[in-house]
Structure formats: structure tokens, C-alpha cells
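So this one's final.txt, compact mmCIF, C-alpha atoms:
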```txt
# COMPACT_ATOMS: atom_id res chain seq x y z
CA MET Z 1 192.91 -17.41 157.30
CA LYS Z 2 193.66 -13.82 156.31
CA LEU Z 3 190.74 -11.50 155.53
CA GLY Z 4 191.80 -11.06 151.86
CA THR Z 5 192.00 -14.81 151.35
CA ARG Z 6 188.57 -15.37 152.92
CA LEU Z 7 187.00 -12.67 150.69
CA ALA Z 8 188.55 -14.22 147.58
CA ALA Z 9 187.16 -17.64 148.53
CA LEU Z 10 183.67 -16.22 149.14
CA THR Z 11 183.76 -14.32 145.84
CA GLY Z 12 184.75 -17.47 143.96
CA ALA Z 13 181.93 -19.44 145.58
CA VAL Z 14 179.37 -16.83 144.48
CA VAL Z 15 180.69 -16.23 140.93
CA ALA Z 16 181.17 -19.88 139.96
CA PRO Z 17 177.45 -20.76 139.89
CA LEU Z 18 176.72 -17.58 137.97
CA LEU Z 19 179.23 -18.53 135.32
CA VAL Z 20 177.59 -21.92 134.90
CA VAL Z 21 174.20 -20.30 134.46
CA ALA Z 22 175.59 -17.84 131.90
CA LEU Z 23 177.06 -20.51 129.63
CA PRO Z 24 175.20 -20.86 126.29
CA ALA Z 25 173.09 -23.92 125.61
CA PRO Z 26 175.02 -26.64 123.76
CA THR Z 27 174.54 -26.85 120.00
CA ALA Z 28 174.74 -29.90 117.80
CA GLY Z 29 178.44 -29.44 117.07
CA ALA Z 30 177.77 -30.48 113.48
CA HIS Z 31 177.43 -28.37 110.38
CA GLY Z 32 176.30 -28.79 106.80
CA TYR Z 33 174.35 -27.42 103.84
CA VAL Z 34 172.98 -28.48 100.46
CA SER Z 35 175.66 -27.95 97.84
CA SER Z 36 173.79 -29.39 94.82
CA PRO Z 37 171.46 -28.17 93.44
CA PRO Z 38 173.05 -25.04 94.90
CA SER Z 39 171.13 -23.91 97.98
CA ARG Z 40 170.73 -20.25 98.84
CA GLN Z 41 173.64 -20.34 101.28
CA ALA Z 42 175.79 -22.18 98.71
CA GLN Z 43 175.09 -19.34 96.26
CA CYS Z 44 176.05 -16.84 98.95
CA ALA Z 45 179.33 -18.64 99.61
CA ALA Z 46 180.10 -18.74 95.88
CA GLY Z 47 179.40 -15.00 95.51
CA VAL Z 48 176.47 -15.57 93.15
CA VAL Z 49 174.25 -13.49 95.46
CA ASP Z 50 175.37 -10.85 97.96
CA CYS Z 51 174.09 -12.12 101.32
CA GLY Z 52 176.25 -10.65 104.08
CA GLN Z 53 177.50 -12.82 106.94
CA ILE Z 54 176.21 -16.16 105.67
CA GLN Z 55 178.77 -16.12 102.84
CA TRP Z 56 181.47 -16.98 105.40
CA GLU Z 57 179.59 -19.82 107.11
CA PRO Z 58 177.04 -21.46 104.79
CA GLN Z 59 177.15 -24.58 106.98
CA SER Z 60 175.90 -22.79 110.11
CA VAL Z 61 172.16 -22.38 109.48
CA GLU Z 62 171.13 -24.17 112.67
CA GLY Z 63 167.95 -23.78 114.70
CA PRO Z 64 165.35 -25.68 116.73
CA LYS Z 65 163.66 -28.62 115.06
CA GLY Z 66 160.28 -28.09 113.45
CA LEU Z 67 160.90 -24.73 111.76
CA ARG Z 68 159.97 -24.03 108.13
CA SER Z 69 162.31 -21.11 107.46
CA CYS Z 70 165.37 -20.97 105.25
CA SER Z 71 167.30 -19.10 107.96
CA GLY Z 72 166.53 -21.58 110.73
CA GLY Z 73 165.20 -18.68 112.76
CA ASN Z 74 168.58 -16.92 112.86
CA ALA Z 75 168.27 -13.13 112.56
CA GLN Z 76 171.82 -12.81 111.20
CA PHE Z 77 170.87 -15.10 108.30
CA ALA Z 78 167.46 -13.50 107.63
CA GLU Z 79 168.39 -12.70 104.02
CA LEU Z 80 167.97 -16.41 103.26
CA ASP Z 81 164.22 -15.96 103.87
CA ASP Z 82 163.93 -13.22 101.22
CA ASP Z 83 162.28 -14.90 98.21
CA GLY Z 84 162.79 -11.78 96.11
CA LYS Z 85 166.57 -11.59 96.45
CA GLY Z 86 167.34 -12.94 92.97
CA TRP Z 87 168.32 -16.50 93.83
CA GLN Z 88 169.56 -18.70 91.01
CA VAL Z 89 166.86 -21.18 89.99
CA THR Z 90 168.15 -24.62 88.94
CA PRO Z 91 166.22 -26.61 86.32
CA VAL Z 92 165.57 -30.18 87.51
CA GLY Z 93 163.46 -33.19 86.59
CA SER Z 94 160.52 -34.67 88.47
CA THR Z 95 163.10 -36.47 90.59
CA THR Z 96 166.54 -35.15 91.39
CA THR Z 97 169.51 -35.81 93.65
CA PHE Z 98 170.24 -33.45 96.54
CA THR Z 99 173.78 -33.43 97.90
CA TRP Z 100 174.69 -32.27 101.41
CA HIS Z 101 178.22 -31.10 102.16
CA LEU Z 102 179.00 -31.71 105.85
CA THR Z 103 181.87 -29.83 107.46
CA ALA Z 104 181.29 -31.79 110.67
CA ARG Z 105 179.34 -35.00 111.16
CA HIS Z 106 176.80 -35.85 113.83
CA ALA Z 107 174.39 -38.64 114.67
CA THR Z 108 171.29 -38.14 112.53
CA SER Z 109 167.62 -38.75 113.14
CA ASN Z 110 166.39 -38.05 109.62
CA TRP Z 111 166.53 -35.81 106.56
CA GLN Z 112 163.36 -34.09 105.33
CA TYR Z 113 162.45 -32.26 102.12
CA PHE Z 114 159.51 -29.87 101.86
CA ALA Z 115 158.10 -28.35 98.66
CA GLY Z 116 154.74 -26.96 97.66
CA GLY Z 117 153.76 -26.61 101.31
CA ARG Z 118 154.16 -30.30 102.14
CA LEU Z 119 156.69 -33.00 103.00
CA VAL Z 120 157.75 -34.68 99.76
CA ALA Z 121 160.53 -36.96 101.04
CA GLN Z 122 162.04 -38.24 104.28
CA PHE Z 123 165.12 -40.41 104.83
CA ASP Z 124 165.60 -42.00 108.25
CA ASP Z 125 169.11 -42.65 109.58
CA GLY Z 126 168.16 -44.03 112.99
CA GLY Z 127 170.95 -42.21 114.83
CA ALA Z 128 173.74 -43.19 112.42
CA ARG Z 129 176.68 -40.87 111.81
CA PRO Z 130 176.77 -39.71 108.14
CA GLY Z 131 179.77 -39.36 105.89
CA ALA Z 132 181.22 -36.07 104.70
CA THR Z 133 178.84 -36.12 101.71
CA VAL Z 134 175.23 -37.28 101.80
CA THR Z 135 172.97 -37.67 98.77
CA HIS Z 136 169.22 -38.26 98.53
CA ARG Z 137 167.06 -39.01 95.51
CA VAL Z 138 163.95 -36.85 95.91
CA ASP Z 139 160.70 -37.42 94.00
CA PHE Z 140 158.64 -34.22 93.88
CA GLY Z 141 155.36 -36.11 93.70
CA GLY Z 142 153.87 -34.37 90.68
CA LEU Z 143 154.94 -30.83 91.51
CA THR Z 144 155.98 -28.74 88.50
CA GLY Z 145 157.26 -25.26 87.79
CA GLN Z 146 159.32 -23.10 90.12
CA GLN Z 147 159.45 -24.37 93.69
CA LYS Z 148 161.35 -23.53 96.87
CA VAL Z 149 162.64 -26.75 98.43
CA LEU Z 150 163.40 -26.68 102.15
CA ALA Z 151 165.86 -29.41 103.18
CA VAL Z 152 166.15 -30.20 106.89
CA TRP Z 153 168.87 -32.24 108.65
CA ASN Z 154 167.47 -33.35 112.03
CA ILE Z 155 170.16 -34.18 114.58
CA ALA Z 156 169.55 -37.29 116.70
CA ASP Z 157 170.85 -36.28 120.13
CA THR Z 158 169.95 -32.58 120.35
CA GLY Z 159 166.84 -30.49 119.75
CA ASN Z 160 168.42 -28.78 116.74
CA ALA Z 161 168.34 -29.13 112.98
CA PHE Z 162 170.15 -27.60 110.00
CA TYR Z 163 168.20 -25.85 107.24
CA ALA Z 164 168.84 -25.16 103.55
CA CYS Z 165 166.53 -23.77 100.87
CA THR Z 166 167.07 -24.47 97.18
CA ASP Z 167 165.14 -22.82 94.35
CA VAL Z 168 164.37 -25.18 91.47
CA ARG Z 169 162.27 -25.28 88.33
CA ILE Z 170 160.75 -28.73 87.94
CA GLY Z 171 160.32 -29.64 84.28
CA GLY Z 172 158.75 -33.06 84.74
CA GLY Z 173 161.63 -35.18 83.35
CA ASP Z 174 163.75 -37.70 85.25
CA SER Z 175 167.00 -35.98 86.22
CA GLY Z 176 168.72 -39.34 86.68
CA GLY Z 177 169.06 -40.00 82.95
CA GLY Z 178 165.44 -40.39 81.79
CA ASP Z 179 164.59 -38.67 78.55
CA SER Z 180 161.64 -36.34 78.76
CA GLY Z 181 161.88 -35.74 75.02
CA GLY Z 182 161.77 -32.01 75.55
CA GLY Z 183 157.98 -32.23 75.59
CA ASP Z 184 157.68 -30.72 79.07
CA GLY Z 185 158.82 -27.32 77.81
CA THR Z 186 162.16 -27.31 79.64
CA ALA Z 187 164.41 -24.75 77.97
CA CYS Z 188 168.06 -25.43 77.27
CA LEU Z 189 170.45 -23.45 79.43
CA PRO Z 190 172.34 -20.60 77.77
CA ALA Z 191 175.75 -22.04 78.66
CA GLY Z 192 176.95 -24.95 76.56
CA TRP Z 193 179.61 -27.40 77.76
CA ASP Z 194 183.23 -26.51 76.91
CA ALA Z 195 186.07 -29.03 77.24
CA GLY Z 196 188.55 -26.41 78.46
CA THR Z 197 186.35 -24.86 81.16
CA VAL Z 198 186.64 -25.78 84.83
CA TYR Z 199 183.26 -26.61 86.42
CA THR Z 200 182.55 -26.98 90.11
CA GLY Z 201 179.68 -28.63 92.00
CA GLY Z 202 176.36 -27.03 91.06
CA ASP Z 203 177.46 -25.58 87.71
CA THR Z 204 174.96 -26.27 84.94
CA VAL Z 205 175.41 -26.57 81.16
CA THR Z 206 173.59 -27.74 78.03
CA TRP Z 207 175.03 -30.54 75.89
CA GLY Z 208 173.54 -33.01 73.43
CA GLY Z 209 169.98 -31.74 73.87
CA HIS Z 210 170.05 -32.18 77.66
CA ASN Z 211 170.76 -29.94 80.61
CA TRP Z 212 173.46 -31.17 82.99
CA ARG Z 213 174.72 -30.31 86.48
CA ALA Z 214 178.25 -30.93 87.77
CA LYS Z 215 178.39 -32.82 91.08
CA TRP Z 216 181.98 -31.78 91.81
CA TRP Z 217 185.06 -30.23 90.18
CA THR Z 218 185.63 -31.32 86.61
CA ARG Z 219 187.30 -30.33 83.34
CA GLY Z 220 187.33 -32.12 80.03
CA GLU Z 221 184.76 -34.78 80.98
CA GLU Z 222 181.97 -34.71 78.42
CA PRO Z 223 178.40 -34.79 79.76
CA GLY Z 224 176.67 -38.04 78.83
CA THR Z 225 179.88 -40.09 78.91
CA THR Z 226 180.53 -40.32 82.66
CA GLY Z 227 177.73 -42.73 83.60
CA GLN Z 228 175.21 -42.72 86.44
CA TRP Z 229 177.87 -42.34 89.14
CA GLY Z 230 180.03 -39.89 87.21
CA VAL Z 231 180.48 -36.16 87.63
CA TRP Z 232 177.60 -35.02 85.40
CA GLU Z 233 173.97 -35.36 86.53
CA ASP Z 234 171.45 -35.45 83.69
CA LEU Z 235 168.69 -32.92 84.33
CA GLY Z 236 166.64 -34.17 81.40
CA ALA Z 237 166.03 -33.27 77.78
CA CYS Z 238 165.60 -29.64 76.79
CA ALA Z 239 164.50 -27.62 73.80
CA ASP Z 240 166.11 -24.49 72.34
CA GLY Z 241 163.96 -21.44 72.59
```
Serialized structure, C-alpha cells:
Amino acid sequence: MKLGTRLAALTGAVVAPLLVVALPAPTAGAHGYVSSPPSRQAQCAAGVVDCGQIQWEPQSVEGPKGLRSCSGGNAQFAELDDDGKGWQVTPVGSTTTFTWHLTARHATSNWQYFAGGRLVAQFDDGGARPGATVTHRVDFGGLTGQQKVLAVWNIADTGNAFYACTDVRIGGGDSGGGDSGGGDGTACLPAGWDAGTVYTGGDTVTWGGHNWRAKWWTRGEEPGTTGQWGVWEDLGACADG
């Protein structure tokens, strides 16, 4: 064997193990975020709040399991941890539906929701692979007023989870169609429903003495006429002023 060939072989034998060591640890390979009520990263992606890099990848807030931060411990997404950044606060009832938008799906251990410094809901999937959209009906357990809800998607076969914070104002009514009678002091939103306006998931309006939130794209569908599984989610009765 020529000297040059032997040196090349030795170099390859030394470098190969180093390359293996230098490879990054595997991630979950799945991505997702809470789209409704609009999470902080959903607001960033929609341009509601100026957040920097996260606006391009709202589905990528991934970190080790067990964290309680909106950024999932990622320095590049640290703005999500800033409670004073002017996040949009969504009015909801004492129970409300949270919708996850998954850009990639992965076997799931469970989904957790934290508010008021405690776990308020957990949904176990037992390792099942979710669909592209996942919804959970969360009961806030008596919490009222403005709350920061941390939603956590725990992956089954890695040590990682995905994190999303949503700012809500809990009025005490049942957001699934129950009538709170306006007695809980929930104010009607400034924007009334308009038949010619296009609404997308997370948009909120007032109509017929109730506040409503769109679950997906819609135009011309009147709130209160689409039923429990329709596009409009009833956030409960409200009062002007």
C-alpha cells in the first residue's frame, strides 16, 4: 500500500468516531402548537405580536420533559416567556376547548394543561399516534380571571415535549354552549360578527349576546347556527359595557 493511501485510511479511522460523537442528540421529529385559543406562538405567526424567530416556526417549541416555561427552555424563543409583551388575552368560559395543530405526528404519552400554578387537566394517549388536529376539553377547576395556561405535549418514545402558553380570561361560563347569563361580568368583545368578513381559527367576535371563537376558516356562517361541532365555539354570554 502506498504511503498516501495508508495515511488516508488512518485519517478516516480517526475522524469517523469523532463525527459520530459530534452528531446532535435525536429530537422527537414531531412538531405542533396550540392554535385555539391562540397561543403565544400562534399570535407570533399571525403577526399579532412581534416575536422574532418564533414567527417562522411556531411548531418548534420543543424541550426536555418536565419544564414549566413557555419557551421550552429555548433561548431563541425566550420572548415567549415575557408575560409583559402584550399578548392577546382570549375570553373563555370555565371550561373551554384547546386545539393543537400538528405539522408532524408522533407517538404520544399524554397532554397536560397547567394554570394557576397547578395541573388542571391531563389526557393520556398511551403511545398512540395523534391526528393532524387534536382537541381537548379543559375544565379550569374554579379558576377565574386572567390566567396563563401552559399546554404540554409529552412524546412517548423520547425525553422531549412540546410547549405552548395561552393567555385567557376565564369568565366562569361554559364555553361549550352553556349560558352564563352575563352574570359573571364577562364583557362583550368590541368586534361584532359580519357576514362578509373572512375569519380564521382563533378569531373572536360578539353576536347575539355571546362571545364566539372561530375554530377554522369561515365566512358567512352565523354564530349560533353551526351547532356543537360547527365552526363557531360559544365562549358564553356577555354584557355590553
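Here CA of Asn154 in chain Z and CA of Gly32 in chain Z stand 11.2 Å from one another.
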Of Z:Lys85, Z:Pro64, Z:His106, Z:Gly208, the one sitting nearest Asp157 in chain Z when using only C-alpha atoms is Z:His106
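In terms of minimum interatomic distance to Ser39 in chain Z, Z:Trp87 ranks closest within Z:Phe114, Z:Trp87, Z:Trp207, Z:Trp193, counting all atoms listed in the file.
From CA of His136 in chain Z back to CA of Gln55 in chain Z, the distance works out to 24.5 Å.
By all atoms listed in the file, and with residues fewer than 5 positions from Gly72 in chain Z along its chain excluded, the set lying at most 7 Å from it is Val61, Glu62, Gly63, Leu67 and Tyr163 of chain Z.
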Near-Trp100 in chain Z list (12 Å; all atoms listed in the file; drop same-chain fewer than 6 positions) as an mmCIF file with C-alpha atoms, keeping the file's coordinate frame:
```cif
data_model
loop_
_atom_site.group_PDB
_atom_site.id
_atom_site.type_symbol
_atom_site.label_atom_id
_atom_site.label_comp_id
_atom_site.auth_asym_id
_atom_site.auth_seq_id
_atom_site.Cartn_x
_atom_site.Cartn_y
_atom_site.Cartn_z
ATOM 1 C CA HIS Z 31 177.430 -28.370 110.380
ATOM 2 C CA GLY Z 32 176.300 -28.790 106.800
ATOM 3 C CA TYR Z 33 174.350 -27.420 103.840
ATOM 4 C CA VAL Z 34 172.980 -28.480 100.460
ATOM 5 C CA SER Z 35 175.660 -27.950 97.840
ATOM 6 C CA SER Z 36 173.790 -29.390 94.820
ATOM 7 C CA PRO Z 37 171.460 -28.170 93.440
ATOM 8 C CA PRO Z 38 173.050 -25.040 94.900
ATOM 9 C CA SER Z 39 171.130 -23.910 97.980
ATOM 10 C CA GLN Z 41 173.640 -20.340 101.280
ATOM 11 C CA ALA Z 42 175.790 -22.180 98.710
ATOM 12 C CA PRO Z 58 177.040 -21.460 104.790
ATOM 13 C CA GLN Z 59 177.150 -24.580 106.980
ATOM 14 C CA TRP Z 111 166.530 -35.810 106.560
ATOM 15 C CA PRO Z 130 176.770 -39.710 108.140
ATOM 16 C CA GLY Z 131 179.770 -39.360 105.890
ATOM 17 C CA ALA Z 132 181.220 -36.070 104.700
ATOM 18 C CA THR Z 133 178.840 -36.120 101.710
ATOM 19 C CA VAL Z 134 175.230 -37.280 101.800
ATOM 20 C CA THR Z 135 172.970 -37.670 98.770
ATOM 21 C CA HIS Z 136 169.220 -38.260 98.530
ATOM 22 C CA ARG Z 137 167.060 -39.010 95.510
ATOM 23 C CA ALA Z 151 165.860 -29.410 103.180
ATOM 24 C CA VAL Z 152 166.150 -30.200 106.890
ATOM 25 C CA TRP Z 153 168.870 -32.240 108.650
ATOM 26 C CA PHE Z 162 170.150 -27.600 110.000
ATOM 27 C CA TYR Z 163 168.200 -25.850 107.240
ATOM 28 C CA ALA Z 164 168.840 -25.160 103.550
ATOM 29 C CA CYS Z 165 166.530 -23.770 100.870
ATOM 30 C CA THR Z 166 167.070 -24.470 97.180
ATOM 31 C CA GLY Z 201 179.680 -28.630 92.000
ATOM 32 C CA GLY Z 202 176.360 -27.030 91.060
ATOM 33 C CA LYS Z 215 178.390 -32.820 91.080
#
```
First collect every listed atom of range 232-241 of chain Z; then fit an axis-aligned box around them, widen it by 8 Å on each side, and give centre and edge lengths in Å to one decimal, as AutoDock Vina command-line options.
```
--center_x 170.8 --center_y -28.4 --center_z 79.4 --size_x 29.6 --size_y 30.0 --size_z 30.2
```
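CA of Arg129 in chain Z lies 6.5 Å from CA of Arg105 in chain Z.
Among the candidates Z:Thr90, Z:Ser71, Z:Thr225, Z:Thr97, the residue lying nearest to Val168 in chain Z is Z:Thr90 (atoms considered: all atoms listed in the file).
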Mind dumping a table of every range 50-108 of chain Z residue within 10 Å of range 232-237 of chain Z, with the nearest atom pair and its distance in Å to one decimal, using all atoms listed in the file, sorted by chain and rising number, as CSV?
```
residue,atom,partner,partner_atom,distance
Z:Thr90,CA,Z:Leu235,CA,9.5
Z:Pro91,CA,Z:Leu235,CA,7.1
Z:Val92,CA,Z:Leu235,CA,5.2
Z:Gly93,CA,Z:Leu235,CA,5.7
Z:Ser94,CA,Z:Leu235,CA,9.3
Z:Thr95,CA,Z:Leu235,CA,9.1
Z:Thr96,CA,Z:Leu235,CA,7.7
Z:Thr97,CA,Z:Glu233,CA,8.4
```
Please identify all polymer residues within 9 Å of Glu221 in chain Z, counting all atoms listed in the file, omitting same-chain residues fewer than 5 positions from it, and present them as a PyMOL selection string.
chain Z and resi 195+226+231-232
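Minimum atom-to-atom distances from Z:Leu80, Z:Asp167, Z:Asn211, Z:Gly145 to Ala239 in chain Z were compared using all atoms listed in the file, and the lowest value belongs to Z:Asn211.
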Any chance you could build range 58-94 of chain Z out to N, CA and C atoms and write it as a PDB file, in the frame of the given file?
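Result file part14.pdb:
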```pdb
ATOM      1  N   PRO Z  58     178.274 -20.895 105.352  1.00  0.00           N
ATOM      2  CA  PRO Z  58     177.040 -21.460 104.790  1.00  0.00           C
ATOM      3  C   PRO Z  58     176.570 -22.706 105.530  1.00  0.00           C
ATOM      4  N   GLN Z  59     177.479 -23.346 106.266  1.00  0.00           N
ATOM      5  CA  GLN Z  59     177.150 -24.580 106.980  1.00  0.00           C
ATOM      6  C   GLN Z  59     176.507 -24.348 108.338  1.00  0.00           C
ATOM      7  N   SER Z  60     176.296 -23.102 108.734  1.00  0.00           N
ATOM      8  CA  SER Z  60     175.900 -22.790 110.110  1.00  0.00           C
ATOM      9  C   SER Z  60     174.437 -22.408 110.298  1.00  0.00           C
ATOM     10  N   VAL Z  61     173.573 -22.747 109.343  1.00  0.00           N
ATOM     11  CA  VAL Z  61     172.160 -22.380 109.480  1.00  0.00           C
ATOM     12  C   VAL Z  61     171.478 -23.428 110.371  1.00  0.00           C
ATOM     13  N   GLU Z  62     171.616 -23.234 111.671  1.00  0.00           N
ATOM     14  CA  GLU Z  62     171.130 -24.170 112.670  1.00  0.00           C
ATOM     15  C   GLU Z  62     170.042 -23.523 113.518  1.00  0.00           C
ATOM     16  N   GLY Z  63     169.027 -24.298 113.861  1.00  0.00           N
ATOM     17  CA  GLY Z  63     167.950 -23.780 114.700  1.00  0.00           C
ATOM     18  C   GLY Z  63     167.167 -24.926 115.307  1.00  0.00           C
ATOM     19  N   PRO Z  64     166.168 -24.627 116.121  1.00  0.00           N
ATOM     20  CA  PRO Z  64     165.350 -25.680 116.730  1.00  0.00           C
ATOM     21  C   PRO Z  64     164.641 -26.512 115.658  1.00  0.00           C
ATOM     22  N   LYS Z  65     164.397 -27.757 115.981  1.00  0.00           N
ATOM     23  CA  LYS Z  65     163.660 -28.620 115.060  1.00  0.00           C
ATOM     24  C   LYS Z  65     162.236 -28.104 114.863  1.00  0.00           C
ATOM     25  N   GLY Z  66     161.678 -28.408 113.702  1.00  0.00           N
ATOM     26  CA  GLY Z  66     160.280 -28.090 113.450  1.00  0.00           C
ATOM     27  C   GLY Z  66     160.030 -26.769 112.757  1.00  0.00           C
ATOM     28  N   LEU Z  67     161.095 -26.006 112.444  1.00  0.00           N
ATOM     29  CA  LEU Z  67     160.900 -24.730 111.760  1.00  0.00           C
ATOM     30  C   LEU Z  67     160.686 -24.968 110.258  1.00  0.00           C
ATOM     31  N   ARG Z  68     160.170 -23.959 109.586  1.00  0.00           N
ATOM     32  CA  ARG Z  68     159.970 -24.030 108.130  1.00  0.00           C
ATOM     33  C   ARG Z  68     160.557 -22.780 107.480  1.00  0.00           C
ATOM     34  N   SER Z  69     161.668 -22.314 107.993  1.00  0.00           N
ATOM     35  CA  SER Z  69     162.310 -21.110 107.460  1.00  0.00           C
ATOM     36  C   SER Z  69     163.685 -21.450 106.908  1.00  0.00           C
ATOM     37  N   CYS Z  70     164.068 -20.743 105.869  1.00  0.00           N
ATOM     38  CA  CYS Z  70     165.370 -20.970 105.250  1.00  0.00           C
ATOM     39  C   CYS Z  70     166.517 -20.563 106.173  1.00  0.00           C
ATOM     40  N   SER Z  71     166.258 -19.613 107.065  1.00  0.00           N
ATOM     41  CA  SER Z  71     167.300 -19.100 107.960  1.00  0.00           C
ATOM     42  C   SER Z  71     167.409 -19.886 109.250  1.00  0.00           C
ATOM     43  N   GLY Z  72     166.523 -20.848 109.486  1.00  0.00           N
ATOM     44  CA  GLY Z  72     166.530 -21.580 110.730  1.00  0.00           C
ATOM     45  C   GLY Z  72     166.237 -20.709 111.932  1.00  0.00           C
ATOM     46  N   GLY Z  73     165.552 -19.588 111.678  1.00  0.00           N
ATOM     47  CA  GLY Z  73     165.200 -18.680 112.760  1.00  0.00           C
ATOM     48  C   GLY Z  73     166.317 -17.776 113.222  1.00  0.00           C
ATOM     49  N   ASN Z  74     167.440 -17.743 112.481  1.00  0.00           N
ATOM     50  CA  ASN Z  74     168.580 -16.920 112.860  1.00  0.00           C
ATOM     51  C   ASN Z  74     168.459 -15.527 112.230  1.00  0.00           C
ATOM     52  N   ALA Z  75     168.418 -14.496 113.070  1.00  0.00           N
ATOM     53  CA  ALA Z  75     168.270 -13.130 112.560  1.00  0.00           C
ATOM     54  C   ALA Z  75     169.432 -12.728 111.675  1.00  0.00           C
ATOM     55  N   GLN Z  76     170.659 -13.201 111.993  1.00  0.00           N
ATOM     56  CA  GLN Z  76     171.820 -12.810 111.200  1.00  0.00           C
ATOM     57  C   GLN Z  76     171.824 -13.427 109.811  1.00  0.00           C
ATOM     58  N   PHE Z  77     170.968 -14.456 109.612  1.00  0.00           N
ATOM     59  CA  PHE Z  77     170.870 -15.100 108.300  1.00  0.00           C
ATOM     60  C   PHE Z  77     169.518 -14.823 107.649  1.00  0.00           C
ATOM     61  N   ALA Z  78     168.824 -13.773 108.076  1.00  0.00           N
ATOM     62  CA  ALA Z  78     167.460 -13.500 107.630  1.00  0.00           C
ATOM     63  C   ALA Z  78     167.352 -13.304 106.124  1.00  0.00           C
ATOM     64  N   GLU Z  79     168.436 -12.909 105.468  1.00  0.00           N
ATOM     65  CA  GLU Z  79     168.390 -12.700 104.020  1.00  0.00           C
ATOM     66  C   GLU Z  79     168.038 -13.988 103.277  1.00  0.00           C
ATOM     67  N   LEU Z  80     168.301 -15.135 103.893  1.00  0.00           N
ATOM     68  CA  LEU Z  80     167.970 -16.410 103.260  1.00  0.00           C
ATOM     69  C   LEU Z  80     166.457 -16.592 103.123  1.00  0.00           C
ATOM     70  N   ASP Z  81     165.680 -15.870 103.926  1.00  0.00           N
ATOM     71  CA  ASP Z  81     164.220 -15.960 103.870  1.00  0.00           C
ATOM     72  C   ASP Z  81     163.610 -15.038 102.819  1.00  0.00           C
ATOM     73  N   ASP Z  82     164.420 -14.206 102.190  1.00  0.00           N
ATOM     74  CA  ASP Z  82     163.930 -13.220 101.220  1.00  0.00           C
ATOM     75  C   ASP Z  82     163.772 -13.883  99.849  1.00  0.00           C
ATOM     76  N   ASP Z  83     162.533 -14.222  99.482  1.00  0.00           N
ATOM     77  CA  ASP Z  83     162.280 -14.900  98.210  1.00  0.00           C
ATOM     78  C   ASP Z  83     162.523 -14.004  97.002  1.00  0.00           C
ATOM     79  N   GLY Z  84     162.609 -12.699  97.217  1.00  0.00           N
ATOM     80  CA  GLY Z  84     162.790 -11.780  96.110  1.00  0.00           C
ATOM     81  C   GLY Z  84     164.222 -11.316  95.909  1.00  0.00           C
ATOM     82  N   LYS Z  85     165.177 -12.048  96.473  1.00  0.00           N
ATOM     83  CA  LYS Z  85     166.570 -11.590  96.450  1.00  0.00           C
ATOM     84  C   LYS Z  85     167.311 -11.929  95.157  1.00  0.00           C
ATOM     85  N   GLY Z  86     166.674 -12.619  94.239  1.00  0.00           N
ATOM     86  CA  GLY Z  86     167.340 -12.940  92.970  1.00  0.00           C
ATOM     87  C   GLY Z  86     168.131 -14.216  93.018  1.00  0.00           C
ATOM     88  N   TRP Z  87     167.619 -15.217  93.732  1.00  0.00           N
ATOM     89  CA  TRP Z  87     168.320 -16.500  93.830  1.00  0.00           C
ATOM     90  C   TRP Z  87     168.354 -17.204  92.480  1.00  0.00           C
ATOM     91  N   GLN Z  88     169.443 -17.899  92.223  1.00  0.00           N
ATOM     92  CA  GLN Z  88     169.560 -18.700  91.010  1.00  0.00           C
ATOM     93  C   GLN Z  88     168.604 -19.879  91.090  1.00  0.00           C
ATOM     94  N   VAL Z  89     167.824 -20.083  90.038  1.00  0.00           N
ATOM     95  CA  VAL Z  89     166.860 -21.180  89.990  1.00  0.00           C
ATOM     96  C   VAL Z  89     167.439 -22.292  89.108  1.00  0.00           C
ATOM     97  N   THR Z  90     167.537 -23.501  89.656  1.00  0.00           N
ATOM     98  CA  THR Z  90     168.150 -24.620  88.940  1.00  0.00           C
ATOM     99  C   THR Z  90     167.083 -25.479  88.280  1.00  0.00           C
ATOM    100  N   PRO Z  91     167.184 -25.717  86.976  1.00  0.00           N
ATOM    101  CA  PRO Z  91     166.220 -26.610  86.320  1.00  0.00           C
ATOM    102  C   PRO Z  91     166.479 -28.063  86.717  1.00  0.00           C
ATOM    103  N   VAL Z  92     165.437 -28.788  87.103  1.00  0.00           N
ATOM    104  CA  VAL Z  92     165.570 -30.180  87.510  1.00  0.00           C
ATOM    105  C   VAL Z  92     164.434 -30.994  86.914  1.00  0.00           C
ATOM    106  N   GLY Z  93     164.523 -32.311  87.030  1.00  0.00           N
ATOM    107  CA  GLY Z  93     163.460 -33.190  86.590  1.00  0.00           C
ATOM    108  C   GLY Z  93     162.466 -33.452  87.710  1.00  0.00           C
ATOM    109  N   SER Z  94     161.526 -34.354  87.464  1.00  0.00           N
ATOM    110  CA  SER Z  94     160.520 -34.670  88.470  1.00  0.00           C
ATOM    111  C   SER Z  94     161.121 -35.387  89.670  1.00  0.00           C
TER     112      SER Z  94
END
```
